[in-house]
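Notes to accompany the following structure.
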Amino acid sequence: MPAPDYPAAGTVLVTGATGFVAGWLVKRLLEEGMNVHAAVRDPSNTSKTAHLTRLAGELPGTLELFEADLLKEGSYGDAMAGCTVVFHTASPFTSKFEDPQRDLVDPAVKGTRNVLTTANEILSVERVVVTSSVVAMYGDNVDIARASGAVLTEEDWNTTSSLDHQPYSYSKVEAERAAWQIARAQDRWKLVTVNPSLVMGPTLSGHSTSESHTLVRQMGDGTLKTGAPPLQIGMVDVRDVAEAHMRAGFVAGAEGRYITSAGSVSFLEMSRMLRAGFGDQWPFPTRELPKWLVWLVGPMLNGSLTRKMISRNMGYPWKADHSKSQRDLGMQYGPVSKAVTDMFAEMIENGTVKPPR
Ligand code: NAP
């Protein structure tokens, strides 16, 4: 399926425009000549916005920065005025939080309600694309193993995460549920969700903002040199995630939720991709640790690694069906190995990981 015809000089909103995923989406929108309203927490913080204004200077579209905060009701109104499509990407994706309700769930859920109730008031809005996640569809790998055919589909919902167990996943499922509830209560604009697996690839800002980078950094800084945990996850290239947003926003027949994932990769396979690209001198793990060992010592080495998390995730295959995104949106997924090696190359370049001496 070819890419859709994008509206010439359409005006769109991107929330959380400073983010890793949003940067590539803003770039695609600017390439298509659109007027991008970029909502950010602090427009005067040029360390977070310089790459966006630079892109706008180089590409056909235009960019305007607006100040907005997920937790300030009504703060997206000015940014949304005149927009036909709203891309709601803003949501905290971090493992560094003190209070999961305050730091993850409130911004995700109240923020989604804030943005979507504003869409109810702004009559130009025809479509809202929410960046959800595959973790809104499952909580732990064991849930997928128990799903129909042991393959995750758009029919699945995460019913096992909570404030105490996988709180980020809980924030995403609660936010997506809130989005569908608001969307179904009206009939002027359509909701489409993009549900990516772990997003890999280089940044446009030159520095990491997202939790996506933690795993790749740990592969290179020696954290995992004694061995990789026996864990499989879905991964996808950030450039494909941006493309999926474009198509979710503009393909006429886009409907519902879209698993956006290139495939399943184990930590050991990821290490092999990095070794093939960067050589043996790096401390990439060379073997997979047995689950019982990770269960025994993991929680002592890493406070966020609980025995429940290990029991319910490690040793289970991760499988998801991305065919709906191929069929409806014409998505084609690039290789995860390129996304991972491009990401690591940037980390070497910007000093996030130091080559071993
Ligand atoms: P990111 O780089 O950390 O981007 C998150 C964005 O949310 C930033 O622009 C951040 O703004 C904004 N934000 C956070 N709290 C906010 C608040 N209170 N008010 C306004 N803006 C706020 O992470 P990302 O990886 O690009 O994630 C983008 C979206 O993709 C999120 O919805 C995430 O859940 C989803 N997702 C990511 C992945 C992945 O692997 N990366 C996978 C699936 C889904 P500041 O710059 O001001 O902090």
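Chain labels follow the order of the structure tokens: the first chain is A, the next B, and so on; residue numbering restarts at 1 in every chain, and ligands are counted from 1 in their shown order.
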Using only C-alpha atoms and all ligand atoms, what table do you get, as a tab-separated table, when you list each residue of chain A with an atom no more than 7 Å from ligand 1, its nearest pair of atoms, and their distance in Å rounded to one decimal, rows by chain then rising number?
```
residue	atom	partner	partner_atom_place_in_ligand_line	distance
A:Thr15	CA	ligand 1	21 (N)	6.9
A:Gly16	CA	ligand 1	9 (O)	3.4
A:Ala17	CA	ligand 1	9 (O)	5.1
A:Thr18	CA	ligand 1	9 (O)	4.1
A:Gly19	CA	ligand 1	2 (O)	3.4
A:Phe20	CA	ligand 1	26 (O)	3.6
A:Val21	CA	ligand 1	26 (O)	3.8
A:Ala22	CA	ligand 1	26 (O)	5.8
A:Val40	CA	ligand 1	47 (O)	5.9
A:Arg41	CA	ligand 1	47 (O)	4.6
A:Asp42	CA	ligand 1	47 (O)	6.6
A:Lys48	CA	ligand 1	46 (O)	6.5
A:Ala68	CA	ligand 1	20 (C)	6.2
A:Asp69	CA	ligand 1	19 (N)	3.7
A:Leu70	CA	ligand 1	19 (N)	3.9
A:Leu71	CA	ligand 1	18 (N)	5.6
A:Thr89	CA	ligand 1	32 (O)	4.6
A:Ala90	CA	ligand 1	7 (O)	3.5
A:Ser91	CA	ligand 1	7 (O)	4.3
A:Pro92	CA	ligand 1	14 (C)	4.3
A:Phe93	CA	ligand 1	3 (O)	5.1
A:Thr94	CA	ligand 1	3 (O)	6.8
A:Pro107	CA	ligand 1	18 (N)	5.2
A:Thr131	CA	ligand 1	32 (O)	5.1
A:Ser132	CA	ligand 1	44 (C)	5.5
A:Ser133	CA	ligand 1	43 (C)	4.1
A:Val134	CA	ligand 1	43 (C)	6.5
A:Lys172	CA	ligand 1	34 (O)	6.5
A:Asn195	CA	ligand 1	43 (C)	6.2
A:Pro196	CA	ligand 1	43 (C)	4.4
A:Ser197	CA	ligand 1	42 (C)	5.0
A:Leu198	CA	ligand 1	40 (O)	3.5
A:Val199	CA	ligand 1	40 (O)	3.7
A:Met200	CA	ligand 1	40 (O)	6.7
A:Thr209	CA	ligand 1	2 (O)	4.2
A:Ser210	CA	ligand 1	3 (O)	3.8
A:Glu211	CA	ligand 1	41 (N)	6.3
A:Ser212	CA	ligand 1	41 (N)	4.7
```
Excluding Val340 (chain A) and residues on its chain fewer than 5 positions from it, collect all residues at most 8 Å away from it, counting only C-alpha atoms, and give them as a PDB file with N, CA, C and O atoms, in the first residue's frame.
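Dumped everything to out-v5.pdb:
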```
ATOM      1  N   MET A 200      13.573   1.592  19.307  1.00  0.00           N
ATOM      2  CA  MET A 200      15.029   1.656  19.196  1.00  0.00           C
ATOM      3  C   MET A 200      15.420   2.596  18.060  1.00  0.00           C
ATOM      4  O   MET A 200      14.641   2.777  17.123  1.00  0.00           O
ATOM      5  N   GLY A 201      16.638   3.100  18.097  1.00  0.00           N
ATOM      6  CA  GLY A 201      17.108   3.930  16.992  1.00  0.00           C
ATOM      7  C   GLY A 201      17.757   5.193  17.523  1.00  0.00           C
ATOM      8  O   GLY A 201      17.724   5.480  18.724  1.00  0.00           O
ATOM      9  N   VAL A 216      20.088  -0.377  25.860  1.00  0.00           N
ATOM     10  CA  VAL A 216      21.227  -0.360  24.933  1.00  0.00           C
ATOM     11  C   VAL A 216      22.472   0.158  25.653  1.00  0.00           C
ATOM     12  O   VAL A 216      23.570  -0.363  25.474  1.00  0.00           O
ATOM     13  N   MET A 270      20.158  -9.379  20.942  1.00  0.00           N
ATOM     14  CA  MET A 270      20.508  -7.960  20.820  1.00  0.00           C
ATOM     15  C   MET A 270      22.017  -7.771  21.018  1.00  0.00           C
ATOM     16  O   MET A 270      22.667  -6.994  20.300  1.00  0.00           O
ATOM     17  N   MET A 273      23.730  -8.675  17.878  1.00  0.00           N
ATOM     18  CA  MET A 273      23.634  -7.600  16.866  1.00  0.00           C
ATOM     19  C   MET A 273      24.716  -6.549  17.126  1.00  0.00           C
ATOM     20  O   MET A 273      25.375  -6.055  16.203  1.00  0.00           O
ATOM     21  N   LEU A 274      24.903  -6.220  18.402  1.00  0.00           N
ATOM     22  CA  LEU A 274      25.880  -5.186  18.745  1.00  0.00           C
ATOM     23  C   LEU A 274      27.303  -5.682  18.505  1.00  0.00           C
ATOM     24  O   LEU A 274      28.152  -4.945  17.992  1.00  0.00           O
TER      25      LEU A 274
END
```
* Asked: Do you know which residues are at most 9 Å from Lys27 (chain A) counting only C-alpha atoms, after dropping those on the same chain fewer than 3 positions away, and could you put them as a list of chain:residue names?
  ->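 Here the answer would be A:Ala22, A:Gly23, A:Trp24, A:Leu30, A:Glu31, A:Glu32, A:Leu52, A:Leu55, A:Ala56, A:Leu59, A:Leu204, A:Ala242.
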* Among the residues of region 126-187 of chain A, find those DSSP assigns to helix (DSSP H, G or I) from the backbone and print them as a ChimeraX atom specification. => /A:134-136,141-146,148-150,167-184
Next, dump the selected residues to file, keeping only N, CA, C and O atoms, as a CSV table (one decimal), in the first residue's frame.
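For reference, result.csv as written:
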```csv
chain,number,residue,atom,x,y,z
A,134,VAL,N,2.4,-1.4,23.3
A,134,VAL,CA,2.0,-2.8,23.5
A,134,VAL,C,1.8,-3.1,24.9
A,134,VAL,O,1.0,-4.1,25.2
A,135,VAL,N,2.4,-2.4,25.8
A,135,VAL,CA,2.1,-2.7,27.3
A,135,VAL,C,0.7,-2.3,27.7
A,135,VAL,O,0.3,-2.6,28.8
A,136,ALA,N,0.0,-1.7,26.9
A,136,ALA,CA,-1.5,-1.5,27.2
A,136,ALA,C,-2.2,-2.8,26.8
A,136,ALA,O,-3.4,-2.9,27.1
A,141,ASN,N,5.1,-11.2,30.0
A,141,ASN,CA,5.2,-12.1,28.9
A,141,ASN,C,4.3,-13.3,29.1
A,141,ASN,O,3.8,-13.9,28.2
A,142,VAL,N,4.1,-13.7,30.4
A,142,VAL,CA,3.3,-14.9,30.7
A,142,VAL,C,1.8,-14.6,30.2
A,142,VAL,O,1.1,-15.6,29.8
A,143,ASP,N,1.4,-13.4,30.2
A,143,ASP,CA,0.1,-13.1,29.7
A,143,ASP,C,-0.1,-13.4,28.2
A,143,ASP,O,-1.1,-13.8,27.8
A,144,ILE,N,1.0,-13.1,27.5
A,144,ILE,CA,1.0,-13.4,26.0
A,144,ILE,C,1.0,-14.9,25.9
A,144,ILE,O,0.2,-15.4,25.0
A,145,ALA,N,1.8,-15.6,26.6
A,145,ALA,CA,1.8,-17.1,26.5
A,145,ALA,C,0.4,-17.7,26.7
A,145,ALA,O,0.1,-18.7,26.2
A,146,ARG,N,-0.4,-17.0,27.6
A,146,ARG,CA,-1.7,-17.5,27.9
A,146,ARG,C,-2.8,-16.9,27.0
A,146,ARG,O,-3.9,-17.3,27.1
A,148,SER,N,-4.8,-16.0,23.4
A,148,SER,CA,-5.3,-16.9,22.3
A,148,SER,C,-4.1,-17.1,21.3
A,148,SER,O,-3.6,-16.1,20.7
A,149,GLY,N,-3.7,-18.3,21.0
A,149,GLY,CA,-2.6,-18.6,20.1
A,149,GLY,C,-1.3,-18.2,20.6
A,149,GLY,O,-0.3,-18.2,19.8
A,150,ALA,N,-1.2,-17.7,21.8
A,150,ALA,CA,0.1,-17.2,22.4
A,150,ALA,C,0.7,-16.1,21.6
A,150,ALA,O,1.9,-16.0,21.5
A,167,PRO,N,4.3,-0.5,36.9
A,167,PRO,CA,3.5,0.7,37.0
A,167,PRO,C,3.5,1.5,35.7
A,167,PRO,O,2.5,2.2,35.4
A,168,TYR,N,4.6,1.5,34.9
A,168,TYR,CA,4.6,2.2,33.6
A,168,TYR,C,3.5,1.6,32.7
A,168,TYR,O,2.7,2.3,32.1
A,169,SER,N,3.5,0.2,32.7
A,169,SER,CA,2.5,-0.5,31.8
A,169,SER,C,1.1,-0.1,32.3
A,169,SER,O,0.2,0.1,31.5
A,170,TYR,N,0.9,0.0,33.6
A,170,TYR,CA,-0.4,0.3,34.2
A,170,TYR,C,-0.8,1.8,33.7
A,170,TYR,O,-1.9,2.0,33.3
A,171,SER,N,0.2,2.7,33.7
A,171,SER,CA,-0.1,4.1,33.3
A,171,SER,C,-0.5,4.1,31.8
A,171,SER,O,-1.5,4.8,31.4
A,172,LYS,N,0.0,3.2,31.0
A,172,LYS,CA,-0.3,3.2,29.6
A,172,LYS,C,-1.7,2.6,29.3
A,172,LYS,O,-2.5,3.0,28.5
A,173,VAL,N,-2.0,1.5,30.0
A,173,VAL,CA,-3.3,0.9,29.8
A,173,VAL,C,-4.4,1.8,30.3
A,173,VAL,O,-5.5,1.9,29.7
A,174,GLU,N,-4.2,2.4,31.5
A,174,GLU,CA,-5.2,3.3,32.0
A,174,GLU,C,-5.4,4.5,31.1
A,174,GLU,O,-6.5,5.0,30.9
A,175,ALA,N,-4.3,5.0,30.6
A,175,ALA,CA,-4.4,6.2,29.7
A,175,ALA,C,-5.2,5.8,28.4
A,175,ALA,O,-6.0,6.5,27.9
A,176,GLU,N,-4.9,4.6,27.8
A,176,GLU,CA,-5.5,4.2,26.6
A,176,GLU,C,-7.0,4.0,26.9
A,176,GLU,O,-7.9,4.3,26.0
A,177,ARG,N,-7.3,3.4,28.0
A,177,ARG,CA,-8.8,3.1,28.3
A,177,ARG,C,-9.5,4.5,28.4
A,177,ARG,O,-10.6,4.6,27.9
A,178,ALA,N,-8.8,5.4,29.1
A,178,ALA,CA,-9.5,6.8,29.2
A,178,ALA,C,-9.7,7.4,27.8
A,178,ALA,O,-10.7,8.0,27.6
A,179,ALA,N,-8.7,7.2,26.9
A,179,ALA,CA,-8.8,7.8,25.6
A,179,ALA,C,-10.0,7.2,24.9
A,179,ALA,O,-10.8,7.9,24.3
A,180,TRP,N,-10.2,5.9,24.9
A,180,TRP,CA,-11.3,5.2,24.2
A,180,TRP,C,-12.7,5.7,24.8
A,180,TRP,O,-13.7,5.9,24.1
A,181,GLN,N,-12.7,5.8,26.1
A,181,GLN,CA,-13.9,6.2,26.8
A,181,GLN,C,-14.3,7.6,26.3
A,181,GLN,O,-15.5,7.9,26.0
A,182,ILE,N,-13.4,8.5,26.2
A,182,ILE,CA,-13.7,9.9,25.8
A,182,ILE,C,-14.1,9.9,24.3
A,182,ILE,O,-15.0,10.5,23.9
A,183,ALA,N,-13.4,9.1,23.5
A,183,ALA,CA,-13.6,9.1,22.0
A,183,ALA,C,-15.0,8.5,21.8
A,183,ALA,O,-15.7,9.0,20.9
A,184,ARG,N,-15.4,7.5,22.5
A,184,ARG,CA,-16.7,6.8,22.2
A,184,ARG,C,-17.9,7.7,22.7
A,184,ARG,O,-19.0,7.5,22.3
```
* Among listed residues A:Pro355, A:Asp5, A:Glu349, A:Ala119, nearest Gly279 (chain A) (using only C-alpha atoms) -> A:Pro355
Proximity of region 115-204 of chain A to region 250-253 of chain A: per-residue shortest pair, 12 Å limit, only C-alpha atoms, as a tab-separated table:
```
residue	atom	partner	partner_atom	distance
A:Glu126	CA	A:Phe250	CA	10.3
A:Arg127	CA	A:Phe250	CA	8.6
A:Val128	CA	A:Phe250	CA	10.4
A:Val129	CA	A:Phe250	CA	9.8
A:Lys190	CA	A:Ala252	CA	10.5
A:Leu191	CA	A:Phe250	CA	11.8
A:Val192	CA	A:Phe250	CA	10.4
```
What would the file look like if the residues just selected were written as a PDB file, in the first residue's frame with C-alpha atoms?
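Wrote result-v6.pdb, looks like this:
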```pdb
ATOM      1  CA  GLU A 126     -10.987  15.460  12.945  1.00  0.00           C
ATOM      2  CA  ARG A 127      -8.647  12.816  14.277  1.00  0.00           C
ATOM      3  CA  VAL A 128      -6.622  12.127  17.423  1.00  0.00           C
ATOM      4  CA  VAL A 129      -3.709   9.697  17.312  1.00  0.00           C
ATOM      5  CA  LYS A 190     -11.885   9.637  15.320  1.00  0.00           C
ATOM      6  CA  LEU A 191      -9.391   8.044  17.722  1.00  0.00           C
ATOM      7  CA  VAL A 192      -6.583   5.834  16.408  1.00  0.00           C
TER       8      VAL A 192
END
```
* To do: Find the spatial neighbours of Leu231 (chain A), counting only C-alpha atoms, within a cut-off of 8 Å - ignore same-chain residues fewer than 4 positions away - and output them as an MDAnalysis selection string.
  => chainID A and resid 266:267 313:317
* Structure fact -> Judged by only C-alpha atoms, the minimum distance to Ser325 (chain A) among A:Met137, A:Ala254, A:Val109, A:Leu65 is found for A:Ala254
* Counting only C-alpha atoms, which of A:Thr352, A:Thr214, A:Thr203, A:Ser261 gets nearest to Ile233 (chain A)? ->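 Of all the options, A:Ser261 lies closest to Ile233 (chain A).
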* Top pick for closest residue to Ser161 (chain A), considering A:Lys308, A:Thr117, A:Arg272, A:Glu98 and counting only C-alpha atoms -> A:Lys308
